[in-house]
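Beneath this line is the structure, given in structure tokens, with notes to follow.
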Amino acid sequence: MGSYFRAQWWLLLRSPRLLGPLVVTPLYSLVFFSVLREHHRAGLATTVATTAFLMSMWSQAVFVASDAVDYDRWEGTLEAGLVNPRRYADALAVRVLTTTAVSLPAFGEILLIGRLGFGYPITVAHPVLTCLVLLLVLCGSAGIALTISGLLVVVRGARTLQNAMTYPFYLLAGLVLPVAALPTALQWPARAFYLSWGATSLRAAIGETGFDLTALGVLALLAPLQAVAGYLILRRILNRAREGKVILHG
């Protein structure tokens, strides 16, 4: 596993575009914090900080980390990986997790921008719980990326699906509106979405309000399930590709 991790970091260093969230995230937060300042809503600074960060991690998982299999296909190494689908899936899991984790430093960037650039007193009230929530959200996001990785190779039009996985999921996660403000028909899928619980838990961990252990518990259940599901779906797709039951679309 260590060799897969080192290989992916080398690829990240050779491909600056994969480090995009560290550049794009401050742009999100600058806009959001500016709106708060214009409307004198400093009390929402913590909510804005978590929103900007979770949007960044989601984008990194959906648009960058999920391209791992597709990258191998274009490089001509996918077929070699299919000789041993399980080992290849393990390697992809490490690579996808590593690439998704690149978005983690953006969390610190956003807090610094809020404090130094706008003077908002954003603090991390519960550092240990914050780290735990970040790891769980990372786990779930990597699972999403693994699922998309397989679909990008074997499903026609998967790029369209990838491009559509932004604002609809921001809504389900409660990043644009609170989940309680969504239509009833959307609240149920939102409650089954790990990121909605991640947003709730992260806001509570950063803020000084009481921490909701129920939200953390649900997140601790849903995020690993998402990661396992993503891994198993990718394994299934790779096995079928090796057996010639699916076409590796160009």
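So you can find residues: chains in the structure tokens are A, B, ... in the order shown, residues in each start at 1, and ligands are numbered from 1 in order.
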* Within 7 Å of range 147-149 of chain A, counting only C-alpha atoms, which residues qualify if same-chain residues fewer than 6 places away don't, as a PyMOL selection string? -> chain A and resi 66-70+230+233-234
Requested write-out: all heavy atoms of the selected residues, as a PDB file, in the first residue's frame:
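Here's the written file out20.pdb:
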ATOM      1  N   SER A  66     -11.769  10.830  -9.018  1.00  0.00           N
ATOM      2  CA  SER A  66     -12.524   9.807  -9.750  1.00  0.00           C
ATOM      3  C   SER A  66     -11.949   9.507 -11.126  1.00  0.00           C
ATOM      4  O   SER A  66     -12.362   8.547 -11.777  1.00  0.00           O
ATOM      5  CB  SER A  66     -13.983  10.253  -9.908  1.00  0.00           C
ATOM      6  OG  SER A  66     -14.064  11.424 -10.697  1.00  0.00           O
ATOM      7  N   ASP A  67     -11.002  10.319 -11.579  1.00  0.00           N
ATOM      8  CA  ASP A  67     -10.423  10.107 -12.908  1.00  0.00           C
ATOM      9  C   ASP A  67      -9.290   9.072 -12.914  1.00  0.00           C
ATOM     10  O   ASP A  67      -8.653   8.873 -13.945  1.00  0.00           O
ATOM     11  CB  ASP A  67      -9.869  11.432 -13.458  1.00  0.00           C
ATOM     12  CG  ASP A  67     -10.967  12.315 -14.025  1.00  0.00           C
ATOM     13  OD1 ASP A  67     -12.081  11.808 -14.221  1.00  0.00           O
ATOM     14  OD2 ASP A  67     -10.715  13.508 -14.258  1.00  0.00           O
ATOM     15  N   ALA A  68      -9.044   8.416 -11.786  1.00  0.00           N
ATOM     16  CA  ALA A  68      -7.895   7.510 -11.677  1.00  0.00           C
ATOM     17  C   ALA A  68      -7.940   6.394 -12.724  1.00  0.00           C
ATOM     18  O   ALA A  68      -6.963   6.151 -13.436  1.00  0.00           O
ATOM     19  CB  ALA A  68      -7.826   6.907 -10.274  1.00  0.00           C
ATOM     20  N   VAL A  69      -9.074   5.698 -12.842  1.00  0.00           N
ATOM     21  CA  VAL A  69      -9.177   4.605 -13.808  1.00  0.00           C
ATOM     22  C   VAL A  69      -9.116   5.147 -15.230  1.00  0.00           C
ATOM     23  O   VAL A  69      -8.456   4.570 -16.109  1.00  0.00           O
ATOM     24  CB  VAL A  69     -10.480   3.811 -13.595  1.00  0.00           C
ATOM     25  CG1 VAL A  69     -10.627   2.741 -14.666  1.00  0.00           C
ATOM     26  CG2 VAL A  69     -10.498   3.161 -12.220  1.00  0.00           C
ATOM     27  N   ASP A  70      -9.809   6.248 -15.465  1.00  0.00           N
ATOM     28  CA  ASP A  70      -9.815   6.827 -16.798  1.00  0.00           C
ATOM     29  C   ASP A  70      -8.408   7.256 -17.216  1.00  0.00           C
ATOM     30  O   ASP A  70      -8.012   7.117 -18.375  1.00  0.00           O
ATOM     31  CB  ASP A  70     -10.764   8.027 -16.835  1.00  0.00           C
ATOM     32  CG  ASP A  70     -11.294   8.312 -18.224  1.00  0.00           C
ATOM     33  OD1 ASP A  70     -11.538   7.346 -18.971  1.00  0.00           O
ATOM     34  OD2 ASP A  70     -11.455   9.493 -18.572  1.00  0.00           O
ATOM     35  N   GLY A 230     -18.443   1.865  -2.690  1.00  0.00           N
ATOM     36  CA  GLY A 230     -17.666   2.333  -3.830  1.00  0.00           C
ATOM     37  C   GLY A 230     -16.593   1.344  -4.238  1.00  0.00           C
ATOM     38  O   GLY A 230     -16.388   1.084  -5.434  1.00  0.00           O
ATOM     39  N   ILE A 233     -18.298  -1.799  -5.827  1.00  0.00           N
ATOM     40  CA  ILE A 233     -18.795  -1.497  -7.176  1.00  0.00           C
ATOM     41  C   ILE A 233     -17.634  -1.461  -8.169  1.00  0.00           C
ATOM     42  O   ILE A 233     -17.713  -2.018  -9.269  1.00  0.00           O
ATOM     43  CB  ILE A 233     -19.559  -0.155  -7.176  1.00  0.00           C
ATOM     44  CG1 ILE A 233     -20.885  -0.296  -6.430  1.00  0.00           C
ATOM     45  CG2 ILE A 233     -19.805   0.334  -8.611  1.00  0.00           C
ATOM     46  CD1 ILE A 233     -21.598   1.008  -6.186  1.00  0.00           C
ATOM     47  N   LEU A 234     -16.543  -0.817  -7.774  1.00  0.00           N
ATOM     48  CA  LEU A 234     -15.372  -0.759  -8.654  1.00  0.00           C
ATOM     49  C   LEU A 234     -14.820  -2.156  -8.903  1.00  0.00           C
ATOM     50  O   LEU A 234     -14.482  -2.501 -10.051  1.00  0.00           O
ATOM     51  CB  LEU A 234     -14.299   0.133  -8.030  1.00  0.00           C
ATOM     52  CG  LEU A 234     -12.998   0.251  -8.822  1.00  0.00           C
ATOM     53  CD1 LEU A 234     -13.242   0.887 -10.185  1.00  0.00           C
ATOM     54  CD2 LEU A 234     -11.964   1.073  -8.041  1.00  0.00           C
TER      55      LEU A 234
END
* Surrounding residues of range 32-44 of chain A excluding itself and chain neighbours under 2 positions, 9 Å, only C-alpha atoms, as a ChimeraX atom specification -> /A:27-30,46-49,52,113-114,118,120-121
Writing out the chosen residues with N, CA, C and O atoms as a JSON list (two decimals), in the first residue's frame:
[["chain", "number", "residue", "atom", "x", "y", "z"],
["A", 27, "LEU", "N", -11.07, 31.00, -3.45],
["A", 27, "LEU", "CA", -11.97, 31.82, -4.26],
["A", 27, "LEU", "C", -13.41, 31.64, -3.79],
["A", 27, "LEU", "O", -14.18, 32.60, -3.73],
["A", 28, "TYR", "N", -13.79, 30.41, -3.48],
["A", 28, "TYR", "CA", -15.11, 30.17, -2.91],
["A", 28, "TYR", "C", -15.29, 30.98, -1.64],
["A", 28, "TYR", "O", -16.27, 31.70, -1.46],
["A", 29, "SER", "N", -14.35, 30.82, -0.72],
["A", 29, "SER", "CA", -14.50, 31.44, 0.59],
["A", 29, "SER", "C", -14.45, 32.96, 0.51],
["A", 29, "SER", "O", -15.13, 33.64, 1.28],
["A", 30, "LEU", "N", -13.65, 33.51, -0.40],
["A", 30, "LEU", "CA", -13.60, 34.97, -0.55],
["A", 30, "LEU", "C", -14.97, 35.52, -0.93],
["A", 30, "LEU", "O", -15.41, 36.54, -0.39],
["A", 46, "THR", "N", -18.90, 30.52, 10.52],
["A", 46, "THR", "CA", -18.56, 29.11, 10.67],
["A", 46, "THR", "C", -19.29, 28.27, 9.63],
["A", 46, "THR", "O", -18.71, 27.37, 9.01],
["A", 47, "THR", "N", -20.56, 28.57, 9.40],
["A", 47, "THR", "CA", -21.34, 27.85, 8.40],
["A", 47, "THR", "C", -20.74, 28.04, 7.01],
["A", 47, "THR", "O", -20.61, 27.09, 6.23],
["A", 48, "VAL", "N", -20.34, 29.26, 6.70],
["A", 48, "VAL", "CA", -19.73, 29.55, 5.41],
["A", 48, "VAL", "C", -18.41, 28.82, 5.24],
["A", 48, "VAL", "O", -18.11, 28.28, 4.17],
["A", 49, "ALA", "N", -17.60, 28.78, 6.29],
["A", 49, "ALA", "CA", -16.31, 28.10, 6.22],
["A", 49, "ALA", "C", -16.48, 26.62, 5.93],
["A", 49, "ALA", "O", -15.78, 26.05, 5.07],
["A", 52, "ALA", "N", -17.74, 26.10, 2.21],
["A", 52, "ALA", "CA", -16.68, 26.25, 1.21],
["A", 52, "ALA", "C", -15.77, 25.04, 1.20],
["A", 52, "ALA", "O", -15.37, 24.54, 0.14],
["A", 113, "ILE", "N", -8.30, 32.57, 6.01],
["A", 113, "ILE", "CA", -8.89, 33.65, 5.20],
["A", 113, "ILE", "C", -9.99, 34.35, 6.00],
["A", 113, "ILE", "O", -10.09, 35.59, 6.00],
["A", 114, "GLY", "N", -10.82, 33.57, 6.68],
["A", 114, "GLY", "CA", -11.89, 34.16, 7.48],
["A", 114, "GLY", "C", -11.36, 35.03, 8.61],
["A", 114, "GLY", "O", -11.87, 36.13, 8.87],
["A", 118, "PHE", "N", -10.93, 38.75, 6.90],
["A", 118, "PHE", "CA", -12.21, 39.38, 7.21],
["A", 118, "PHE", "C", -12.42, 39.64, 8.70],
["A", 118, "PHE", "O", -13.42, 40.26, 9.07],
["A", 120, "TYR", "N", -13.17, 37.51, 11.06],
["A", 120, "TYR", "CA", -14.17, 36.69, 11.72],
["A", 120, "TYR", "C", -13.50, 35.76, 12.74],
["A", 120, "TYR", "O", -12.53, 35.06, 12.41],
["A", 121, "PRO", "N", -13.98, 35.72, 13.95],
["A", 121, "PRO", "CA", -13.35, 34.90, 14.99],
["A", 121, "PRO", "C", -13.70, 33.41, 14.87],
["A", 121, "PRO", "O", -14.34, 32.84, 15.75]]
* Selected residue, from A:Ala45, A:Leu182, A:Ala145, A:Val218, that lies nearest to Val62 in chain A when counting only C-alpha atoms -> A:Ala145
* Run DSSP on the backbone and give me the residues of range 50-237 of chain A it puts in alpha helix (DSSP H), as number ranges by chain. => A: 50-63, 68-75, 78-81, 85-101, 105-112, 118, 127-154, 158-164, 167-172, 184-191, 194-206, 213-237
* Between A:Ala65, A:Leu219, A:Ala164, A:Leu238, single out the one closest to Val102 in chain A, counting only C-alpha atoms. => A:Ala65
* To do: Could you check how far CA of Ser103 in chain A sits from CA of Val154 in chain A, in Å to one decimal?
  =>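 A separation of 27.1 Å between them.
If only C-alpha atoms are the atoms counted, then among A:Thr51, A:Phe193, A:His126, A:Pro85 the closest residue to Leu177 in chain A is A:Thr51.
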* What is the distance, in Å and to one decimal place, between CA of Leu171 in chain A and CA of Gly117 in chain A? ->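 Separating CA of Leu171 in chain A from CA of Gly117 in chain A is a distance of 27.6 Å.
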* **Nearest to Ala93 in chain A by atom-to-atom distance, counting only C-alpha atoms, from A:Arg235, A:Arg159, A:Arg115, A:Arg240** =>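 Among the listed residues, A:Arg235 lies closest to Ala93 in chain A.
The nearest approach to Val128 in chain A among the residues A:Tyr167, A:Thr214, A:Ala205, A:Ala227, with only C-alpha atoms taken into account, belongs to A:Ala205.
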* Selection near Leu161 in chain A, 10 Å with only C-alpha atoms, sequence-local residues under 5 positions removed, as a PyMOL selection string -> chain A and resi 148+151-152+155-156+166
Write out, as a compact mmCIF listing (two decimals), in the first residue's frame, the residues just selected, with N, CA and C atoms.
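Output below, filename again33.txt:
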# COMPACT_ATOMS: atom_id res chain seq x y z
N ILE A 148 -17.50 6.49 -9.20
CA ILE A 148 -17.46 7.23 -10.46
C ILE A 148 -16.30 6.73 -11.33
N LEU A 151 -17.57 3.92 -13.36
CA LEU A 151 -18.59 4.33 -14.33
C LEU A 151 -17.99 5.10 -15.50
N LEU A 152 -16.93 5.87 -15.24
CA LEU A 152 -16.31 6.64 -16.30
C LEU A 152 -15.73 5.75 -17.40
N VAL A 155 -19.43 3.15 -18.75
CA VAL A 155 -20.76 3.68 -19.03
C VAL A 155 -20.67 4.86 -19.99
N ARG A 156 -21.40 4.78 -21.07
CA ARG A 156 -21.45 5.90 -22.01
C ARG A 156 -22.20 7.07 -21.35
N THR A 166 -22.90 18.23 -8.86
CA THR A 166 -22.44 19.39 -8.09
C THR A 166 -23.60 19.95 -7.28
* Mind pulling up the distance from CA of Ala125 in chain A to CA of Leu54 in chain A? ->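 CA of Ala125 in chain A lies 18.3 Å from CA of Leu54 in chain A.
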* Looking at A:Leu222, A:Asp72, A:Thr200, A:Asp212, which one is nearest to Tyr88 in chain A, with distances taken over only C-alpha atoms? -> A:Asp72
